[in-house]
>>> print(open('entry_9.pdb').read())   # PDB, C-alpha atoms and all ligand atoms
ATOM      1  CA  MET A   1     -14.640   9.659   1.832  1.00  0.00           C
ATOM      2  CA  LYS A   2     -11.993   9.664  -0.867  1.00  0.00           C
ATOM      3  CA  HIS A   3      -9.902   6.516  -1.078  1.00  0.00           C
ATOM      4  CA  LEU A   4      -6.647   6.026  -2.925  1.00  0.00           C
ATOM      5  CA  ILE A   5      -5.823   2.347  -3.416  1.00  0.00           C
ATOM      6  CA  VAL A   6      -2.249   1.589  -4.490  1.00  0.00           C
ATOM      7  CA  VAL A   7      -1.588  -1.969  -5.632  1.00  0.00           C
ATOM      8  CA  ALA A   8       1.505  -3.703  -6.974  1.00  0.00           C
ATOM      9  CA  HIS A   9       1.407  -7.022  -8.800  1.00  0.00           C
ATOM     10  CA  PRO A  10       2.706  -7.739 -12.308  1.00  0.00           C
ATOM     11  CA  SER A  11      -0.209 -10.035 -13.226  1.00  0.00           C
ATOM     12  CA  GLU A  12      -3.651  -8.620 -13.811  1.00  0.00           C
ATOM     13  CA  GLU A  13      -5.091 -12.079 -13.060  1.00  0.00           C
ATOM     14  CA  SER A  14      -3.369 -12.273  -9.660  1.00  0.00           C
ATOM     15  CA  PHE A  15      -5.236 -12.761  -6.429  1.00  0.00           C
ATOM     16  CA  THR A  16      -3.632  -9.511  -5.218  1.00  0.00           C
ATOM     17  CA  LEU A  17      -5.455  -7.589  -7.972  1.00  0.00           C
ATOM     18  CA  ALA A  18      -8.682  -9.490  -7.272  1.00  0.00           C
ATOM     19  CA  LEU A  19      -8.511  -8.351  -3.620  1.00  0.00           C
ATOM     20  CA  ALA A  20      -7.890  -4.738  -4.675  1.00  0.00           C
ATOM     21  CA  ARG A  21     -10.843  -4.772  -7.081  1.00  0.00           C
ATOM     22  CA  ALA A  22     -13.203  -6.337  -4.505  1.00  0.00           C
ATOM     23  CA  TYR A  23     -12.163  -3.827  -1.831  1.00  0.00           C
ATOM     24  CA  ALA A  24     -12.698  -0.899  -4.222  1.00  0.00           C
ATOM     25  CA  ALA A  25     -16.068  -2.294  -5.370  1.00  0.00           C
ATOM     26  CA  GLU A  26     -17.254  -2.598  -1.771  1.00  0.00           C
ATOM     27  CA  LEU A  27     -16.209   0.993  -1.014  1.00  0.00           C
ATOM     28  CA  GLU A  28     -18.085   2.220  -4.087  1.00  0.00           C
ATOM     29  CA  LEU A  29     -21.187   0.295  -2.948  1.00  0.00           C
ATOM     30  CA  LEU A  30     -20.862   2.117   0.376  1.00  0.00           C
ATOM     31  CA  GLY A  31     -20.899   5.454  -1.457  1.00  0.00           C
ATOM     32  CA  HIS A  32     -17.187   6.291  -1.242  1.00  0.00           C
ATOM     33  CA  SER A  33     -15.069   7.464  -4.117  1.00  0.00           C
ATOM     34  CA  THR A  34     -12.071   5.350  -5.100  1.00  0.00           C
ATOM     35  CA  THR A  35      -9.021   5.817  -7.279  1.00  0.00           C
ATOM     36  CA  ILE A  36      -6.896   2.751  -8.011  1.00  0.00           C
ATOM     37  CA  TYR A  37      -3.191   3.163  -8.701  1.00  0.00           C
ATOM     38  CA  ASP A  38      -2.367  -0.126 -10.415  1.00  0.00           C
ATOM     39  CA  LEU A  39       1.350   0.625 -10.560  1.00  0.00           C
ATOM     40  CA  TYR A  40       2.323  -2.009 -13.167  1.00  0.00           C
ATOM     41  CA  ARG A  41      -0.537  -1.215 -15.580  1.00  0.00           C
ATOM     42  CA  MET A  42       0.196   2.535 -15.180  1.00  0.00           C
ATOM     43  CA  GLY A  43       3.809   1.867 -16.123  1.00  0.00           C
ATOM     44  CA  PHE A  44       4.902   3.716 -12.983  1.00  0.00           C
ATOM     45  CA  ASN A  45       8.643   4.395 -13.023  1.00  0.00           C
ATOM     46  CA  PRO A  46       9.956   3.082  -9.677  1.00  0.00           C
ATOM     47  CA  VAL A  47      13.526   4.355 -10.130  1.00  0.00           C
ATOM     48  CA  LEU A  48      14.395   7.373  -8.013  1.00  0.00           C
ATOM     49  CA  ALA A  49      16.578   9.772 -10.027  1.00  0.00           C
ATOM     50  CA  ALA A  50      19.554  11.686  -8.593  1.00  0.00           C
ATOM     51  CA  HIS A  51      17.860  15.064  -9.101  1.00  0.00           C
ATOM     52  CA  GLU A  52      14.930  13.877  -6.924  1.00  0.00           C
ATOM     53  CA  LEU A  53      17.305  13.872  -3.941  1.00  0.00           C
ATOM     54  CA  GLU A  54      18.168  17.529  -4.495  1.00  0.00           C
ATOM     55  CA  PRO A  55      16.084  20.342  -2.987  1.00  0.00           C
ATOM     56  CA  VAL A  56      13.071  21.335  -5.067  1.00  0.00           C
ATOM     57  CA  ARG A  57      13.802  24.628  -6.870  1.00  0.00           C
ATOM     58  CA  ALA A  58      12.501  26.467  -9.907  1.00  0.00           C
ATOM     59  CA  ASP A  59      15.142  24.685 -11.989  1.00  0.00           C
ATOM     60  CA  ASN A  60      14.615  21.331 -10.189  1.00  0.00           C
ATOM     61  CA  PRO A  61      10.841  20.875  -9.943  1.00  0.00           C
ATOM     62  CA  VAL A  62       9.199  17.721  -8.578  1.00  0.00           C
ATOM     63  CA  SER A  63       8.925  15.146 -11.428  1.00  0.00           C
ATOM     64  CA  GLY A  64       5.491  15.262 -13.071  1.00  0.00           C
ATOM     65  CA  ASP A  65       4.456  11.696 -12.174  1.00  0.00           C
ATOM     66  CA  VAL A  66       5.541  12.180  -8.539  1.00  0.00           C
ATOM     67  CA  ALA A  67       3.735  15.538  -8.302  1.00  0.00           C
ATOM     68  CA  ARG A  68       0.511  13.907  -9.564  1.00  0.00           C
ATOM     69  CA  ALA A  69       0.899  10.953  -7.186  1.00  0.00           C
ATOM     70  CA  GLN A  70       1.479  13.320  -4.253  1.00  0.00           C
ATOM     71  CA  GLU A  71      -1.547  15.392  -5.249  1.00  0.00           C
ATOM     72  CA  ASP A  72      -3.668  12.211  -5.261  1.00  0.00           C
ATOM     73  CA  ILE A  73      -2.477  11.374  -1.728  1.00  0.00           C
ATOM     74  CA  ARG A  74      -3.122  14.947  -0.581  1.00  0.00           C
ATOM     75  CA  ASP A  75      -6.616  14.708  -2.022  1.00  0.00           C
ATOM     76  CA  ALA A  76      -7.403  11.345  -0.360  1.00  0.00           C
ATOM     77  CA  ASP A  77      -8.768  10.751   3.133  1.00  0.00           C
ATOM     78  CA  VAL A  78      -7.596   7.145   3.141  1.00  0.00           C
ATOM     79  CA  LEU A  79      -4.612   5.432   1.520  1.00  0.00           C
ATOM     80  CA  THR A  80      -4.858   1.664   1.099  1.00  0.00           C
ATOM     81  CA  VAL A  81      -1.743  -0.198   0.023  1.00  0.00           C
ATOM     82  CA  ILE A  82      -1.990  -3.762  -1.308  1.00  0.00           C
ATOM     83  CA  TYR A  83       0.889  -6.057  -2.254  1.00  0.00           C
ATOM     84  CA  PRO A  84       2.267  -9.590  -1.880  1.00  0.00           C
ATOM     85  CA  LEU A  85       5.218 -10.159   0.436  1.00  0.00           C
ATOM     86  CA  TRP A  86       8.236 -10.830  -1.724  1.00  0.00           C
ATOM     87  CA  TRP A  87      11.272 -11.753   0.325  1.00  0.00           C
ATOM     88  CA  LEU A  88       9.268 -10.474   3.285  1.00  0.00           C
ATOM     89  CA  SER A  89       9.048  -7.055   1.749  1.00  0.00           C
ATOM     90  CA  MET A  90       7.126  -5.196  -0.915  1.00  0.00           C
ATOM     91  CA  PRO A  91       7.692  -5.756  -4.636  1.00  0.00           C
ATOM     92  CA  ALA A  92      10.373  -3.388  -5.986  1.00  0.00           C
ATOM     93  CA  MET A  93       7.632  -1.576  -7.911  1.00  0.00           C
ATOM     94  CA  MET A  94       5.875  -0.614  -4.655  1.00  0.00           C
ATOM     95  CA  LYS A  95       9.172   0.223  -2.961  1.00  0.00           C
ATOM     96  CA  GLY A  96       9.994   2.574  -5.842  1.00  0.00           C
ATOM     97  CA  TYR A  97       6.596   4.249  -5.453  1.00  0.00           C
ATOM     98  CA  VAL A  98       7.318   4.793  -1.747  1.00  0.00           C
ATOM     99  CA  ASP A  99      10.901   5.968  -2.397  1.00  0.00           C
ATOM    100  CA  ARG A 100       9.824   8.557  -4.954  1.00  0.00           C
ATOM    101  CA  VAL A 101       6.387   9.665  -3.742  1.00  0.00           C
ATOM    102  CA  PHE A 102       6.902   9.606   0.036  1.00  0.00           C
ATOM    103  CA  ALA A 103       9.621  12.211  -0.369  1.00  0.00           C
ATOM    104  CA  ARG A 104      11.150  14.455   2.286  1.00  0.00           C
ATOM    105  CA  GLY A 105       9.113  17.618   2.520  1.00  0.00           C
ATOM    106  CA  PHE A 106       5.964  15.795   1.379  1.00  0.00           C
ATOM    107  CA  ALA A 107       5.612  12.689   3.590  1.00  0.00           C
ATOM    108  CA  TYR A 108       8.104  13.509   6.327  1.00  0.00           C
ATOM    109  CA  GLU A 109      10.702  15.863   7.683  1.00  0.00           C
ATOM    110  CA  SER A 110      13.599  14.775   9.830  1.00  0.00           C
ATOM    111  CA  HIS A 111      15.642  16.740  12.305  1.00  0.00           C
ATOM    112  CA  GLY A 112      18.603  15.201  14.068  1.00  0.00           C
ATOM    113  CA  GLY A 113      17.587  11.791  12.722  1.00  0.00           C
ATOM    114  CA  ILE A 114      14.085  12.032  14.208  1.00  0.00           C
ATOM    115  CA  VAL A 115      11.386  11.595  11.605  1.00  0.00           C
ATOM    116  CA  HIS A 116       8.247  13.715  11.751  1.00  0.00           C
ATOM    117  CA  GLY A 117       5.330  12.608   9.550  1.00  0.00           C
ATOM    118  CA  LEU A 118       3.594  15.249   7.461  1.00  0.00           C
ATOM    119  CA  LEU A 119       0.509  13.265   6.435  1.00  0.00           C
ATOM    120  CA  SER A 120      -1.231  13.166   9.795  1.00  0.00           C
ATOM    121  CA  GLY A 121      -5.004  13.330   9.729  1.00  0.00           C
ATOM    122  CA  LYS A 122      -5.126  10.708   6.983  1.00  0.00           C
ATOM    123  CA  LYS A 123      -6.004   7.069   7.550  1.00  0.00           C
ATOM    124  CA  SER A 124      -4.450   4.016   5.981  1.00  0.00           C
ATOM    125  CA  VAL A 125      -5.124   0.319   5.519  1.00  0.00           C
ATOM    126  CA  LEU A 126      -2.398  -2.156   4.605  1.00  0.00           C
ATOM    127  CA  VAL A 127      -3.266  -5.437   2.864  1.00  0.00           C
ATOM    128  CA  THR A 128      -0.515  -8.015   2.336  1.00  0.00           C
ATOM    129  CA  LEU A 129      -0.369 -11.611   1.115  1.00  0.00           C
ATOM    130  CA  SER A 130       2.155 -14.363   1.748  1.00  0.00           C
ATOM    131  CA  GLY A 131       2.794 -17.897   0.644  1.00  0.00           C
ATOM    132  CA  ALA A 132       3.887 -18.880   4.161  1.00  0.00           C
ATOM    133  CA  PRO A 133       1.376 -19.501   6.958  1.00  0.00           C
ATOM    134  CA  LEU A 134       1.148 -16.596   9.408  1.00  0.00           C
ATOM    135  CA  PRO A 135       2.115 -18.764  12.462  1.00  0.00           C
ATOM    136  CA  VAL A 136       5.404 -19.612  10.715  1.00  0.00           C
ATOM    137  CA  LEU A 137       6.074 -15.945   9.975  1.00  0.00           C
ATOM    138  CA  VAL A 138       5.345 -15.091  13.638  1.00  0.00           C
ATOM    139  CA  GLN A 139       7.455 -17.928  15.020  1.00  0.00           C
ATOM    140  CA  THR A 140      10.516 -16.982  12.962  1.00  0.00           C
ATOM    141  CA  GLY A 141      10.301 -13.298  13.914  1.00  0.00           C
ATOM    142  CA  ASN A 142       9.616 -12.460  10.298  1.00  0.00           C
ATOM    143  CA  TRP A 143       6.171 -11.042  11.027  1.00  0.00           C
ATOM    144  CA  ASN A 144       7.664  -8.639  13.554  1.00  0.00           C
ATOM    145  CA  ALA A 145      10.123  -7.481  10.869  1.00  0.00           C
ATOM    146  CA  VAL A 146       7.260  -6.897   8.439  1.00  0.00           C
ATOM    147  CA  GLN A 147       5.330  -4.867  11.003  1.00  0.00           C
ATOM    148  CA  VAL A 148       8.306  -2.784  12.114  1.00  0.00           C
ATOM    149  CA  LEU A 149       9.390  -1.960   8.581  1.00  0.00           C
ATOM    150  CA  GLN A 150       6.145  -1.564   6.748  1.00  0.00           C
ATOM    151  CA  ASP A 151       3.455  -0.624   9.273  1.00  0.00           C
ATOM    152  CA  THR A 152       5.574   1.514  11.552  1.00  0.00           C
ATOM    153  CA  HIS A 153       8.544   2.709   9.594  1.00  0.00           C
ATOM    154  CA  ILE A 154       6.668   3.691   6.464  1.00  0.00           C
ATOM    155  CA  LEU A 155       2.985   4.366   7.136  1.00  0.00           C
ATOM    156  CA  ARG A 156       3.069   5.512  10.740  1.00  0.00           C
ATOM    157  CA  SER A 157       6.312   7.493  10.269  1.00  0.00           C
ATOM    158  CA  ALA A 158       4.608   9.447   7.512  1.00  0.00           C
ATOM    159  CA  GLY A 159       1.818  10.314   9.963  1.00  0.00           C
ATOM    160  CA  PHE A 160      -0.939   7.978   8.782  1.00  0.00           C
ATOM    161  CA  GLU A 161      -3.282   6.416  11.302  1.00  0.00           C
ATOM    162  CA  LEU A 162      -3.051   2.711  10.378  1.00  0.00           C
ATOM    163  CA  LEU A 163      -6.573   1.336  10.855  1.00  0.00           C
ATOM    164  CA  GLU A 164      -5.720  -2.269  10.026  1.00  0.00           C
ATOM    165  CA  HIS A 165      -3.016  -4.447   8.578  1.00  0.00           C
ATOM    166  CA  LEU A 166      -5.009  -7.217   6.963  1.00  0.00           C
ATOM    167  CA  HIS A 167      -2.893 -10.201   5.978  1.00  0.00           C
ATOM    168  CA  PHE A 168      -3.815 -13.197   3.835  1.00  0.00           C
ATOM    169  CA  ASP A 169      -1.466 -16.120   4.381  1.00  0.00           C
ATOM    170  CA  GLU A 170      -0.992 -19.369   2.468  1.00  0.00           C
ATOM    171  CA  VAL A 171      -1.933 -17.699  -0.791  1.00  0.00           C
ATOM    172  CA  VAL A 172      -0.607 -20.200  -3.283  1.00  0.00           C
ATOM    173  CA  PRO A 173      -1.153 -20.692  -7.025  1.00  0.00           C
ATOM    174  CA  HIS A 174      -4.537 -22.254  -7.807  1.00  0.00           C
ATOM    175  CA  LEU A 175      -6.060 -21.251  -4.502  1.00  0.00           C
ATOM    176  CA  ALA A 176      -9.165 -23.332  -3.762  1.00  0.00           C
ATOM    177  CA  PRO A 177     -12.234 -21.350  -4.916  1.00  0.00           C
ATOM    178  CA  ALA A 178     -13.862 -21.628  -1.464  1.00  0.00           C
ATOM    179  CA  VAL A 179     -10.758 -20.133   0.191  1.00  0.00           C
ATOM    180  CA  ALA A 180     -10.528 -17.405  -2.430  1.00  0.00           C
ATOM    181  CA  ASP A 181     -14.203 -16.514  -1.869  1.00  0.00           C
ATOM    182  CA  GLN A 182     -13.613 -16.383   1.883  1.00  0.00           C
ATOM    183  CA  HIS A 183     -10.673 -13.988   1.424  1.00  0.00           C
ATOM    184  CA  ILE A 184     -12.677 -11.774  -0.935  1.00  0.00           C
ATOM    185  CA  ALA A 185     -15.507 -11.649   1.625  1.00  0.00           C
ATOM    186  CA  HIS A 186     -12.943 -10.755   4.287  1.00  0.00           C
ATOM    187  CA  VAL A 187     -11.466  -7.812   2.361  1.00  0.00           C
ATOM    188  CA  ARG A 188     -15.003  -6.541   1.635  1.00  0.00           C
ATOM    189  CA  ALA A 189     -15.827  -6.830   5.357  1.00  0.00           C
ATOM    190  CA  CYS A 190     -12.712  -4.792   6.164  1.00  0.00           C
ATOM    191  CA  ALA A 191     -14.054  -1.973   3.963  1.00  0.00           C
ATOM    192  CA  ARG A 192     -17.467  -2.099   5.687  1.00  0.00           C
ATOM    193  CA  LYS A 193     -15.950  -2.227   9.190  1.00  0.00           C
ATOM    194  CA  HIS A 194     -13.861   0.919   8.824  1.00  0.00           C
ATOM    195  CA  PHE A 195     -15.898   2.957   6.347  1.00  0.00           C
ATOM    196  CA  PRO A 196     -19.637   2.863   6.915  1.00  0.00           C
ATOM    197  CA  ALA A 197     -21.970   3.954   4.135  1.00  0.00           C
ATOM    198  CA  ASN A 198     -21.722   7.655   3.287  1.00  0.00           C
TER     199      ASN A 198
HETATM  200  C1  LIG A 201       9.743 -13.000  -5.785  1.00  0.00           C
HETATM  201  C2  LIG A 201       8.852 -13.638  -4.746  1.00  0.00           C
HETATM  202  C3  LIG A 201       9.250 -13.639  -3.435  1.00  0.00           C
HETATM  203  C4  LIG A 201       8.409 -14.179  -2.434  1.00  0.00           C
HETATM  204  N1  LIG A 201       8.802 -14.132  -1.128  1.00  0.00           N
HETATM  205  C5  LIG A 201       7.977 -14.613  -0.171  1.00  0.00           C
HETATM  206  C6  LIG A 201       8.353 -14.543   1.200  1.00  0.00           C
HETATM  207  O1  LIG A 201       9.406 -14.029   1.569  1.00  0.00           O
HETATM  208  N2  LIG A 201       7.496 -15.057   2.134  1.00  0.00           N
HETATM  209  C7  LIG A 201       6.302 -15.618   1.772  1.00  0.00           C
HETATM  210  O2  LIG A 201       5.563 -16.065   2.642  1.00  0.00           O
HETATM  211  N3  LIG A 201       5.920 -15.683   0.478  1.00  0.00           N
HETATM  212  C8  LIG A 201       6.730 -15.200  -0.497  1.00  0.00           C
HETATM  213  N4  LIG A 201       6.351 -15.261  -1.807  1.00  0.00           N
HETATM  214  C9  LIG A 201       5.014 -15.802  -2.126  1.00  0.00           C
HETATM  215  C10 LIG A 201       4.021 -14.693  -2.346  1.00  0.00           C
HETATM  216  O3  LIG A 201       3.879 -13.852  -1.202  1.00  0.00           O
HETATM  217  C11 LIG A 201       2.662 -15.300  -2.700  1.00  0.00           C
HETATM  218  O4  LIG A 201       2.861 -16.099  -3.826  1.00  0.00           O
HETATM  219  C12 LIG A 201       1.701 -14.234  -3.053  1.00  0.00           C
HETATM  220  O5  LIG A 201       1.315 -13.600  -1.898  1.00  0.00           O
HETATM  221  C13 LIG A 201       0.470 -14.801  -3.718  1.00  0.00           C
HETATM  222  O6  LIG A 201      -0.287 -13.721  -4.231  1.00  0.00           O
HETATM  223  P1  LIG A 201      -0.653 -13.681  -5.778  1.00  0.00           P
HETATM  224  O7  LIG A 201      -1.422 -14.937  -6.059  1.00  0.00           O
HETATM  225  O8  LIG A 201      -1.460 -12.441  -5.980  1.00  0.00           O
HETATM  226  O9  LIG A 201       0.686 -13.660  -6.510  1.00  0.00           O
HETATM  227  C14 LIG A 201       7.169 -14.757  -2.814  1.00  0.00           C
HETATM  228  C15 LIG A 201       6.781 -14.757  -4.165  1.00  0.00           C
HETATM  229  C16 LIG A 201       7.615 -14.207  -5.133  1.00  0.00           C
HETATM  230  C17 LIG A 201       7.158 -14.208  -6.572  1.00  0.00           C
END
>>> encode(input="entry_9.pdb", output="structure tokens")
Amino acid sequence: MKHLIVVAHPSEESFTLALARAYAAELELLGHSTTIYDLYRMGFNPVLAAHELEPVRADNPVSGDVARAQEDIRDADVLTVIYPLWWLSMPAMMKGYVDRVFARGFAYESHGGIVHGLLSGKKSVLVTLSGAPLPVLVQTGNWNAVQVLQDTHILRSAGFELLEHLHFDEVVPHLAPAVADQHIAHVRACARKHFPAN
């Protein structure tokens, strides 16, 4: 299978990036092909321009970087999105990727306010990290907000089958090596569980 892995974290040494690399390495071991979109290192422009809200025409073509990103989604069987929760949401870099790439006519259509996803048939995996413990996020209702907005409103609305939302909580600076190893093993196991060897 073809996997597109989109990850957003400003630091190359972050645990977020380590999870993305381990997940991709496991998929490659299983015989899958992977493309990593490391949005910060690519210098992805997350700012949606006014002309991108206008209908696509000969004199208003889709921006080159968005067209390439959409082609890479079209080409993939599975989209995996990896980011830390910042203010319970995705980093602005990832939000800008979604705003620009998951455009009307590509990711969804809407009629009378009802959204219809256009990417059905594709699978997705969502991997998030938080500083807070998951039970605290659940207890405050924050976890429900995360699921409604990110799992349902974005991925499922666009038509993806969400196979798993894997969350790593209590990810703090200087994570104990044993905990880090456990998390890395967990993200590798997620790859094996959903995508057996080709
Ligand atoms: C700007 C910012 C906002 C954050 N907001 C939250 C938050 O709302 N809830 C939470 O549990 N953790 C929050 N965190 C903590 C991060 O989720 C946590 O540090 C990150 O998942 C650790 O991953 P990393 O080591 O790859 O950075 C925030 C961190 C930053 C930098």
>>> closest_residue(input="entry_9.pdb", among="A:Trp143, A:Tyr83, A:Phe195, A:Phe160", to="Ser33 of chain A", atoms="all atoms listed in the file")
A:Phe195
>>> residues_around(input="entry_9.pdb", residues="segment 48-56 of chain A", least_positions_apart="4", cutoff="9 Å", atoms="all atoms listed in the file", output="PyMOL selection string")
chain A and resi 60-63+96-97+99-100+103-104
>>> residues_around(input="entry_9.pdb", residues="Leu17 of chain A", least_positions_apart="4", cutoff="12 Å", atoms="only C-alpha atoms", output="ChimeraX atom specification")
/A:5-13,21-24,36-41,81-84,127-129,184,187
>>> atom_distance(input="entry_9.pdb", atom1="atom CA of Pro196 of chain A", atom2="atom O8 of ligand LIG 201 (chain A)")
27.0 Å
>>> residues_around(input="entry_9.pdb", residues="Glu164 of chain A", least_positions_apart="4", cutoff="10 Å", atoms="all atoms listed in the file", output="list in words")
Thr80, Lys123, Ser124, Val125, Leu126, Val127, Asp151, Cys190 and His194 of chain A
>>> write_last_selection(input="entry_9.pdb", atoms="C-alpha atoms", output="PDB file, in the frame of the given file")
ATOM      1  CA  THR A  80      -4.858   1.664   1.099  1.00  0.00           C
ATOM      2  CA  LYS A 123      -6.004   7.069   7.550  1.00  0.00           C
ATOM      3  CA  SER A 124      -4.450   4.016   5.981  1.00  0.00           C
ATOM      4  CA  VAL A 125      -5.124   0.319   5.519  1.00  0.00           C
ATOM      5  CA  LEU A 126      -2.398  -2.156   4.605  1.00  0.00           C
ATOM      6  CA  VAL A 127      -3.266  -5.437   2.864  1.00  0.00           C
ATOM      7  CA  ASP A 151       3.455  -0.624   9.273  1.00  0.00           C
ATOM      8  CA  CYS A 190     -12.712  -4.792   6.164  1.00  0.00           C
ATOM      9  CA  HIS A 194     -13.861   0.919   8.824  1.00  0.00           C
TER      10      HIS A 194
END
>>> resolve_selection(input="entry_9.pdb", expression="the PyMOL selection byres (((not hetatm)) within 6 of (chain A and resi 201))", output="list in words")
Ser14, Phe15, Thr16, Pro84, Leu85, Trp86, Trp87, Leu88, Leu129, Ser130, Gly131, Ala132, Val171, Val172 and Pro173 of chain A
>>> resolve_selection(input="entry_9.pdb", expression="the PyMOL selection byres (((chain A and resi 70) around 12) and not hetatm)", output="MDAnalysis selection string")
chainID A and resid 4 62:69 71:76 79 97:98 100:107 119
>>> atom_distance(input="entry_9.pdb", atom1="atom CA of Ala92 of chain A", atom2="atom CA of Gly43 of chain A")
13.2 Å
>>> axis_aligned_box(input="entry_9.pdb", around="segment 168-176 of chain A", padding_each_side="6 Å", output="lines of an AutoDock Vina configuration file")
center_x = -4.9
center_y = -18.3
center_z = -1.7
size_x = 20.6
size_y = 22.1
size_z = 24.2
>>> atom_distance(input="entry_9.pdb", atom1="atom CA of Asn45 of chain A", atom2="atom CA of Pro91 of chain A")
13.2 Å
>>> resolve_selection(input="entry_9.pdb", expression="the PyMOL selection byres (((chain A and resi 198) around 9) and not hetatm)", output="VMD selection string")
chain A and resid 1 30 to 32 195 to 197
>>> residues_around(input="entry_9.pdb", residues="Ala158 of chain A", least_positions_apart="3", cutoff="8 Å", atoms="all atoms listed in the file", output="MDAnalysis selection string")
chainID A and resid 102 107:108 116:120 154:155
>>> closest_residue(input="entry_9.pdb", among="A:Ala185, A:Leu19, A:Met94, A:Ile114", to="Pro46 of chain A", atoms="only C-alpha atoms")
A:Met94
>>> closest_residue(input="entry_9.pdb", among="A:Asp181, A:Glu109, A:Asp59, A:Asp169", to="Ser157 of chain A", atoms="all atoms listed in the file")
A:Glu109
>>> closest_residue(input="entry_9.pdb", among="A:Gly121, A:Arg188, A:His167, A:Val47", to="Ala25 of chain A", atoms="all atoms listed in the file")
A:Arg188
>>> decode(input="entry_9.pdb", residues="segment 82-94 of chain A", atoms="N, CA, C and O atoms", output="short mmCIF file (atom, residue, chain, number, x, y, z; two decimals), in the first residue's frame")
data_model
loop_
_atom_site.label_atom_id
_atom_site.label_comp_id
_atom_site.auth_asym_id
_atom_site.auth_seq_id
_atom_site.Cartn_x
_atom_site.Cartn_y
_atom_site.Cartn_z
N ILE A 82 0.22 13.26 11.93
CA ILE A 82 0.89 13.18 13.25
C ILE A 82 1.21 14.60 13.74
O ILE A 82 1.89 15.35 13.03
N TYR A 83 0.73 14.93 14.93
CA TYR A 83 1.05 16.26 15.47
C TYR A 83 0.80 16.30 16.97
O TYR A 83 0.00 15.53 17.51
N PRO A 84 1.47 17.25 17.66
CA PRO A 84 1.18 17.44 19.09
C PRO A 84 -0.07 18.30 19.24
O PRO A 84 -0.36 19.13 18.38
N LEU A 85 -0.80 18.08 20.33
CA LEU A 85 -1.93 18.97 20.62
C LEU A 85 -1.38 20.27 21.19
O LEU A 85 -0.66 20.26 22.19
N TRP A 86 -1.68 21.33 20.51
CA TRP A 86 -1.32 22.68 20.97
C TRP A 86 -2.63 23.41 21.20
O TRP A 86 -3.42 23.57 20.26
N TRP A 87 -2.86 23.82 22.42
CA TRP A 87 -4.14 24.43 22.77
C TRP A 87 -5.28 23.53 22.28
O TRP A 87 -6.23 23.99 21.66
N LEU A 88 -5.09 22.25 22.51
CA LEU A 88 -6.08 21.21 22.19
C LEU A 88 -6.30 21.02 20.70
O LEU A 88 -7.19 20.28 20.30
N SER A 89 -5.52 21.68 19.90
CA SER A 89 -5.74 21.60 18.47
C SER A 89 -4.43 21.25 17.77
O SER A 89 -3.46 20.87 18.41
N MET A 90 -4.42 21.39 16.45
CA MET A 90 -3.20 21.09 15.72
C MET A 90 -2.34 22.35 15.61
O MET A 90 -2.88 23.46 15.64
N PRO A 91 -1.02 22.18 15.48
CA PRO A 91 -0.19 23.36 15.24
C PRO A 91 -0.70 24.11 14.00
O PRO A 91 -1.23 23.48 13.06
N ALA A 92 -0.53 25.44 14.01
CA ALA A 92 -1.03 26.26 12.89
C ALA A 92 -0.49 25.76 11.55
O ALA A 92 -1.19 25.85 10.53
N MET A 93 0.72 25.23 11.55
CA MET A 93 1.29 24.68 10.32
C MET A 93 0.39 23.57 9.74
O MET A 93 0.10 23.54 8.54
N MET A 94 -0.05 22.66 10.61
CA MET A 94 -0.91 21.56 10.15
C MET A 94 -2.29 22.09 9.75
O MET A 94 -2.88 21.65 8.77
#
